[in-house]
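Here the structure is laid out as structure tokens; the discussion comes afterwards.
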Amino acid sequence: MASIPLLLFLLFFSAPRLAHPSPLTHHSHLSHLLETHERERPPASVQEAAARGVLSRLLPSHSSSFDFQIIDKEKCGGDTCFIISNHPSFSNKGHPEILIRGVSGVELSAGLHWYLKNWCLAHISWEKTGGTQLFSVPTPGSLPHVHSAGVLIKRPVAWSYYQNAVTSSYSMAWWDWERWEKEIDWMALQGINLPLAFNGQEAIWQKVFQKFNISNSDLDDFFGGPAFLAWSRMGNMHGWGGPLPQTWLDDQLALQKKILSRMFEFGMSPVLPAFSGNVPSALKSKFPSAKITRLGNWFTVDSNPRWCCTYLLDATDPLFIDIGKAFIEQQFKEYGRTSHIYNCDTFDENTPPVDEPKYISSLGAAIFKGMQSGDTDAIWLMQGWLFSYDPFWRPLQMKALLHSVPIGRLVVLDLFAEVKPIWNTSEQFFNVPYIWKVCMLHNFAANIEMYGILDSIASGPIEARKSENSTMVGVGMCMEGIEQNPVVYDLMSEMAFHQKNVDVKTWIKLYPQRRYGRSIPALQDAWRILYESIYNCTDGAYDKNRDVIVAFPDVDPSIISLSENSEPANVNFGRQLLAQRQLKTVSDSYDQPHIWYSTVDVINALELFLASGDYHLICSFRYDLVDLTRQALAKYANQVFLRTIEAYQYNDLEGVTVFSQHFLGLVKDLDMLLSCHDGFLLGPWLESAKHLARDAEQEKQYEWNARTQITMWFDNTETEASLLRDYGNKYWSGLLQDYYGPRAAIYFKYLLKSLVTGHAFELENWRREWISLTNKWQMSRKVFTMEGSGDALNISRWLYDKYLRNTKL
């Protein structure tokens with residue numbers, strides 16, 4: 001039998017096994033909560049069965065190769081852990097070979113993943129990003145032995161959190177139980193024990209508001225549509241995309257009960273929502289003396305009250321506590337239990353009306369009292385995004401909110417900790433417990449972009465935990481959207497179990513071997529380059545994909561300021577052309593793409609992938625090849641656009657004609673590339689939306705929701721685009737060919753018309769035609785493919801030869 005490679009042993013198991021004491025043990029409320037969680041977990045047999053279920057779905061051929069056993073924390077030295085050992089009764093095939101023990105079903109599942117990853121060099125990712133690589137796992141009866149004494153892996157902090165309040169809309173809006181079951185399995189394998197669980201809350205609210213004389217029809221203008229629920233929940237807007245059919249409310253509540261049941265079976269502690277003060281307008285007429293104010297405009301074009309300016313019940317009003325209590329109690333009634341942890345973000349992108357610390361403290365205290373009235377063990381979990389986003393929150397105001405509840409009753413999520421941590425500039429959140437998180441800004445709106453900061457991920461949680469007077473109680477992943485950049489999540493999920501910094505240079509050497517199932521020197525070199533470039537963003541800027549293809553600039557071309565050149569651009573596309581002058585734009589001309597790395601390095605990495613084409617049958621390799629080719633060509637397209645603008649500013653009709661056609665051809669070719677892999681298709685997003693509909697009208701509504709979220713939302717006039725245009729942009733096959741390409745063609749048409757007529761660029765006419773195209777596309781019922789097709793390797797090679805071989809961007 002094989003034994004663990006020495007390199008893996010040194011990488012993962014040379015660290016001290018004893019963790020630093022968790023700040024959880026320093027707060028009686030949190031210590032009590034952990035004890036409650038342990039007491040309320042299902043019986044050991046249920047959690048062990050949950051782990052076996054994961055194994056049977058993940059690796060059914062090895063269902064008899066592993067045995068699972070729940071153990072007490074005392075066997076972990078009083079901490080949370082899992083233990084991997086050789087099974088004492090193994091004798092031949094058909095008998096368990098590996099015994100995994102842990103304090104919960106999550107630990108058992110995480111232990112299984114840890115073993116498969118580090119002894120069998122397997123890889124587990126989302127299906128859309130290449131799925132699992134398990135063919136490197138030896139056949140039953142031949143699994144690698146671990147050290148004879150076994151391997152003990154302790155959590156340095158108790159919690160591993162997952163999701164963002166908007167992930168439910170950007171990625172999970174259209175999921176059914178089949179997809180949710182896969183995600184919960186993925187969570188368990190990654191060791192996630194504190195997931196957000198927001199499904200079905202609208203049905204709960206419907207029942208709660210009935211107690212306050214609010215009818216179901218009163219809520220039609222309160223809830224957003226299925227693709228926009230995250231923002232109606234946060235009080236950013238109301239009604240957009242709705243009303244919600246009753247079948248949606250009922251189906252989502254039934255789905256939530258399945259989700260929670262499975263999470264509890266694993267021993268997870270799902271985080272439920274709490275009342276934040278967001279109320280329907282009808283409440284104002286039902287309770288005229290209540291302190292209800294209307295919030296300001298949130299990204300509408302003309303402050304249309306039909307969509308914006310939601311109503312907020314002041315937390316100091318007695319009605320606030322009544323509603324908050326009723327909501328918590330209704331959840332208890334529906335679900336039979338909770339984890340006593342509730343997420344509430346009253347001030348998420350909504351600034352309080354008064355900055356007086358006493359007032360802010362009274363708001364916080366009332367919000368918590370609403371939770372506590374319904375659940376005496378309640379803990380408030382709050383996103384810390386407001387402290388990064390809004391300059392309103394100066395130290396006095398921040399401290400007033402954080403200290404408005406007893407220490408230990410509030411836990412803060414340090415959302416942007418991988419780039420702009422708050423813990424180290426706020427006296428550890430003024431001694432309030434917090435969770436170090438990564439990926440809140442890793443992908444705004446689930447935009448598709450290769451991006452990451454691996455070094456920060458590998459060291460940030462450790463440094464925060466070991467810092468003086470640390471109040472860190474967990475780590476977490478809080479991306480706005482999932483199913484992309486698998487390398488980032490592969491490393492971050494490990495940080496729930498590492499006691500010391502991870503050496504990323506060593507870690508990245510093993511990554512391609514695990515991801516592709518074999519050692520491929522050229523791909524090791526490629527991933528080293530990617531680690532040092534794309535996945536080494538240290539400029540401190542957030543990453544929001546504004547590539548020209550997916551976020552076309554809505555500006556008069558004459559105001560785009562380019563570098564000073566004495567000659568217009570040549571119309572050939574050789575390496576020398578794009579290398580001889582680096583065009584630049586002034587910061588206020590349009591929202592420019594974020595570039596933090598040398599695009600030459602990315603092309604070099606792509607060349608290594610193309611040279612390793614023998615492995616193109618491996619799904620994870622195909623995903624990475626398509627994604628890397630897309631990344632390189634997207635940045636190249638940005639430069640082609642600027643060449644087009646340069647030619648326009650020099651009155652070069654031939655240049656504009658050639659460059660614009662080159663750009664449009666590139667968009668068409670990119671669409672063909674993306675069609676090669678299921679992870680880059682528009683069809684599944686639209687079809688999954690329609691799949692949840694109960695009738696033809698719902699199908700039409702849901703598809704409109706899905707199309708609108710990824711293009712222009714939420715409002716526009718005939719000549720003024722939504723402020724949130726292209727916010728949820730995607731590099732999806734079908735979307736490029738059917739929408740992004742035609743939109744660019746309209747802009748280029750008006751460029752050429754301006755040069756031919758000698759008149760100024762018709763900006764208003766461009767906008768009118770573009771917005772009309774958008775609104776028609778949103779209403780369209782065109783069907784797109786659900787399955788990838790085409791030879792990704794040959795198409796990538798062809799595109800490299802056509803666009804990149806002689807080009808340095």
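How things are named: the first chain in the structure tokens is A, the next is B, and so on; residues count from 1 in each chain; ligands count from 1 in the order shown.
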As a PyMOL selection string, please: the residues near region 648-651 of chain A (cut-off 7 Å, only C-alpha atoms, same-chain neighbours under 2 positions excluded).
chain A and resi 558+568+644-646+653+656+755
Could those residues be written to a file, using all heavy atoms, as a JSON list (two decimals), in the first residue's frame?
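The new file again05.json reads:
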[["chain", "number", "residue", "atom", "x", "y", "z"],
["A", 558, "SER", "N", -15.29, 60.81, -28.00],
["A", 558, "SER", "CA", -14.35, 61.93, -28.07],
["A", 558, "SER", "C", -13.78, 62.30, -26.71],
["A", 558, "SER", "O", -12.74, 62.96, -26.62],
["A", 558, "SER", "CB", -15.02, 63.15, -28.69],
["A", 558, "SER", "OG", -16.11, 63.59, -27.88],
["A", 568, "PRO", "N", -1.85, 58.01, -36.20],
["A", 568, "PRO", "CA", -2.97, 57.11, -35.89],
["A", 568, "PRO", "C", -2.51, 55.66, -35.85],
["A", 568, "PRO", "O", -1.46, 55.31, -36.37],
["A", 568, "PRO", "CB", -3.93, 57.34, -37.06],
["A", 568, "PRO", "CG", -3.06, 57.82, -38.19],
["A", 568, "PRO", "CD", -1.99, 58.63, -37.54],
["A", 644, "THR", "N", -9.83, 51.17, -31.63],
["A", 644, "THR", "CA", -10.97, 51.67, -32.40],
["A", 644, "THR", "C", -11.22, 53.14, -32.06],
["A", 644, "THR", "O", -11.45, 53.97, -32.96],
["A", 644, "THR", "CB", -12.23, 50.84, -32.09],
["A", 644, "THR", "OG1", -11.94, 49.45, -32.23],
["A", 644, "THR", "CG2", -13.36, 51.21, -33.02],
["A", 645, "ILE", "N", -11.18, 53.46, -30.78],
["A", 645, "ILE", "CA", -11.41, 54.84, -30.34],
["A", 645, "ILE", "C", -10.29, 55.75, -30.83],
["A", 645, "ILE", "O", -10.53, 56.89, -31.25],
["A", 645, "ILE", "CB", -11.54, 54.89, -28.81],
["A", 645, "ILE", "CG1", -12.73, 54.05, -28.33],
["A", 645, "ILE", "CG2", -11.65, 56.33, -28.33],
["A", 645, "ILE", "CD1", -14.06, 54.46, -28.93],
["A", 646, "GLU", "N", -9.07, 55.24, -30.79],
["A", 646, "GLU", "CA", -7.95, 56.04, -31.27],
["A", 646, "GLU", "C", -8.12, 56.38, -32.75],
["A", 646, "GLU", "O", -7.92, 57.54, -33.16],
["A", 646, "GLU", "CB", -6.65, 55.26, -31.05],
["A", 646, "GLU", "CG", -5.40, 56.05, -31.46],
["A", 646, "GLU", "CD", -4.13, 55.21, -31.34],
["A", 646, "GLU", "OE1", -4.19, 54.00, -31.66],
["A", 646, "GLU", "OE2", -3.10, 55.76, -30.94],
["A", 653, "LEU", "N", -11.36, 56.53, -40.92],
["A", 653, "LEU", "CA", -12.51, 55.71, -41.22],
["A", 653, "LEU", "C", -12.12, 54.25, -41.42],
["A", 653, "LEU", "O", -12.80, 53.34, -40.92],
["A", 653, "LEU", "CB", -13.23, 56.24, -42.45],
["A", 653, "LEU", "CG", -14.50, 55.50, -42.88],
["A", 653, "LEU", "CD1", -15.56, 55.56, -41.78],
["A", 653, "LEU", "CD2", -15.05, 56.09, -44.18],
["A", 656, "VAL", "N", -11.29, 52.63, -38.00],
["A", 656, "VAL", "CA", -12.49, 52.32, -37.22],
["A", 656, "VAL", "C", -13.19, 51.10, -37.79],
["A", 656, "VAL", "O", -13.63, 50.21, -37.06],
["A", 656, "VAL", "CB", -13.44, 53.53, -37.17],
["A", 656, "VAL", "CG1", -14.78, 53.13, -36.54],
["A", 656, "VAL", "CG2", -12.82, 54.68, -36.40],
["A", 755, "LEU", "N", -18.11, 59.70, -38.47],
["A", 755, "LEU", "CA", -17.00, 60.01, -39.36],
["A", 755, "LEU", "C", -17.48, 60.29, -40.78],
["A", 755, "LEU", "O", -16.97, 61.20, -41.46],
["A", 755, "LEU", "CB", -15.99, 58.85, -39.37],
["A", 755, "LEU", "CG", -15.20, 58.63, -38.08],
["A", 755, "LEU", "CD1", -14.24, 57.46, -38.24],
["A", 755, "LEU", "CD2", -14.44, 59.89, -37.68]]
Within region 90-264 of chain A, find each residue whose DSSP state, derived from the backbone, is strand (DSSP E or B), and express the selection as a PyMOL selection string.
chain A and resi 98-102+123+133+145+151-154+159-162+194-196
I need the chosen residues saved as a PDB file, in the first residue's frame, with N, CA and C atoms.
ATOM      1  N   ILE A  98     -10.154   2.717   6.128  1.00  0.00           N
ATOM      2  CA  ILE A  98      -9.838   3.966   6.818  1.00  0.00           C
ATOM      3  C   ILE A  98     -10.965   4.298   7.788  1.00  0.00           C
ATOM      4  N   LEU A  99     -10.593   4.631   9.001  1.00  0.00           N
ATOM      5  CA  LEU A  99     -11.546   5.057  10.022  1.00  0.00           C
ATOM      6  C   LEU A  99     -11.416   6.564  10.208  1.00  0.00           C
ATOM      7  N   ILE A 100     -12.541   7.243  10.102  1.00  0.00           N
ATOM      8  CA  ILE A 100     -12.559   8.695  10.313  1.00  0.00           C
ATOM      9  C   ILE A 100     -13.476   8.980  11.493  1.00  0.00           C
ATOM     10  N   ARG A 101     -12.904   9.594  12.513  1.00  0.00           N
ATOM     11  CA  ARG A 101     -13.661   9.977  13.699  1.00  0.00           C
ATOM     12  C   ARG A 101     -13.707  11.497  13.796  1.00  0.00           C
ATOM     13  N   GLY A 102     -14.803  12.007  14.316  1.00  0.00           N
ATOM     14  CA  GLY A 102     -14.947  13.449  14.449  1.00  0.00           C
ATOM     15  C   GLY A 102     -16.074  13.798  15.384  1.00  0.00           C
ATOM     16  N   HIS A 123      -9.357  15.850  -5.979  1.00  0.00           N
ATOM     17  CA  HIS A 123      -9.761  17.259  -6.016  1.00  0.00           C
ATOM     18  C   HIS A 123     -11.275  17.328  -6.102  1.00  0.00           C
ATOM     19  N   GLN A 133     -12.139  15.346  -9.271  1.00  0.00           N
ATOM     20  CA  GLN A 133     -11.098  14.513  -9.878  1.00  0.00           C
ATOM     21  C   GLN A 133     -10.840  13.415  -8.865  1.00  0.00           C
ATOM     22  N   HIS A 145      -2.149   3.944   3.458  1.00  0.00           N
ATOM     23  CA  HIS A 145      -2.175   3.980   4.915  1.00  0.00           C
ATOM     24  C   HIS A 145      -1.777   5.366   5.408  1.00  0.00           C
ATOM     25  N   VAL A 151      -3.844  10.539  12.399  1.00  0.00           N
ATOM     26  CA  VAL A 151      -3.625  11.963  12.155  1.00  0.00           C
ATOM     27  C   VAL A 151      -4.759  12.752  12.803  1.00  0.00           C
ATOM     28  N   LEU A 152      -4.394  13.656  13.684  1.00  0.00           N
ATOM     29  CA  LEU A 152      -5.354  14.483  14.401  1.00  0.00           C
ATOM     30  C   LEU A 152      -5.337  15.889  13.804  1.00  0.00           C
ATOM     31  N   ILE A 153      -6.480  16.360  13.347  1.00  0.00           N
ATOM     32  CA  ILE A 153      -6.595  17.702  12.775  1.00  0.00           C
ATOM     33  C   ILE A 153      -7.619  18.485  13.593  1.00  0.00           C
ATOM     34  N   LYS A 154      -7.144  19.531  14.251  1.00  0.00           N
ATOM     35  CA  LYS A 154      -8.016  20.375  15.069  1.00  0.00           C
ATOM     36  C   LYS A 154      -8.343  21.681  14.344  1.00  0.00           C
ATOM     37  N   TRP A 159     -15.601  28.115  14.087  1.00  0.00           N
ATOM     38  CA  TRP A 159     -16.583  28.266  13.025  1.00  0.00           C
ATOM     39  C   TRP A 159     -15.955  28.451  11.651  1.00  0.00           C
ATOM     40  N   SER A 160     -16.613  27.863  10.672  1.00  0.00           N
ATOM     41  CA  SER A 160     -16.286  28.083   9.265  1.00  0.00           C
ATOM     42  C   SER A 160     -17.573  28.521   8.579  1.00  0.00           C
ATOM     43  N   TYR A 161     -17.628  29.802   8.239  1.00  0.00           N
ATOM     44  CA  TYR A 161     -18.858  30.429   7.725  1.00  0.00           C
ATOM     45  C   TYR A 161     -18.879  30.385   6.201  1.00  0.00           C
ATOM     46  N   TYR A 162     -20.092  30.427   5.636  1.00  0.00           N
ATOM     47  CA  TYR A 162     -20.222  30.351   4.182  1.00  0.00           C
ATOM     48  C   TYR A 162     -21.430  31.148   3.701  1.00  0.00           C
ATOM     49  N   LEU A 194     -21.153  26.714   9.554  1.00  0.00           N
ATOM     50  CA  LEU A 194     -21.970  27.889   9.860  1.00  0.00           C
ATOM     51  C   LEU A 194     -22.440  28.520   8.543  1.00  0.00           C
ATOM     52  N   PRO A 195     -23.354  27.853   7.838  1.00  0.00           N
ATOM     53  CA  PRO A 195     -23.817  28.389   6.553  1.00  0.00           C
ATOM     54  C   PRO A 195     -25.028  29.303   6.707  1.00  0.00           C
ATOM     55  N   LEU A 196     -25.130  30.277   5.842  1.00  0.00           N
ATOM     56  CA  LEU A 196     -26.313  31.115   5.783  1.00  0.00           C
ATOM     57  C   LEU A 196     -27.462  30.298   5.186  1.00  0.00           C
TER      58      LEU A 196
END
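The space between CA of Val487 (chain A) and CA of Asp627 (chain A) spans 12.6 Å.
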Which residues, written as a list in words, have at least one atom at most 9 Å from Tyr739 (chain A), with only C-alpha atoms counted and residues fewer than 6 positions away on the same chain left out?
Thr711, Leu773, Thr774 and Trp777 of chain A
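For the pair CA of Gly277 (chain A) and CA of Ile360 (chain A), the interatomic distance is 14.1 Å.
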Show me, as a ChimeraX atom specification, the residues that have an atom within 6 Å of region 665-674 of chain A when counting only C-alpha atoms, minus same-chain residues fewer than 6 positions from it.
/A:680,733,736-737
Could you write out that same residue set with N, CA and C atoms as a short mmCIF file (atom, residue, chain, number, x, y, z; two decimals), in the first residue's frame?
data_model
loop_
_atom_site.label_atom_id
_atom_site.label_comp_id
_atom_site.auth_asym_id
_atom_site.auth_seq_id
_atom_site.Cartn_x
_atom_site.Cartn_y
_atom_site.Cartn_z
N PHE A 680 -19.78 27.71 -18.76
CA PHE A 680 -19.80 29.04 -19.38
C PHE A 680 -21.00 29.19 -20.32
N SER A 733 -21.60 31.82 -23.01
CA SER A 733 -21.95 31.60 -24.40
C SER A 733 -23.45 31.78 -24.57
N LEU A 736 -22.93 36.51 -25.15
CA LEU A 736 -22.03 37.28 -26.02
C LEU A 736 -22.60 37.40 -27.42
N GLN A 737 -23.00 36.26 -27.98
CA GLN A 737 -23.47 36.23 -29.35
C GLN A 737 -24.79 36.97 -29.52
#
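Every protein, DNA or RNA residue with an atom at most 7 Å from Asn705 (chain A), where only C-alpha atoms count and chain neighbours fewer than 5 positions away do not, is listed here: Gly225, Pro226, Ala227 and Gly241 of chain A.
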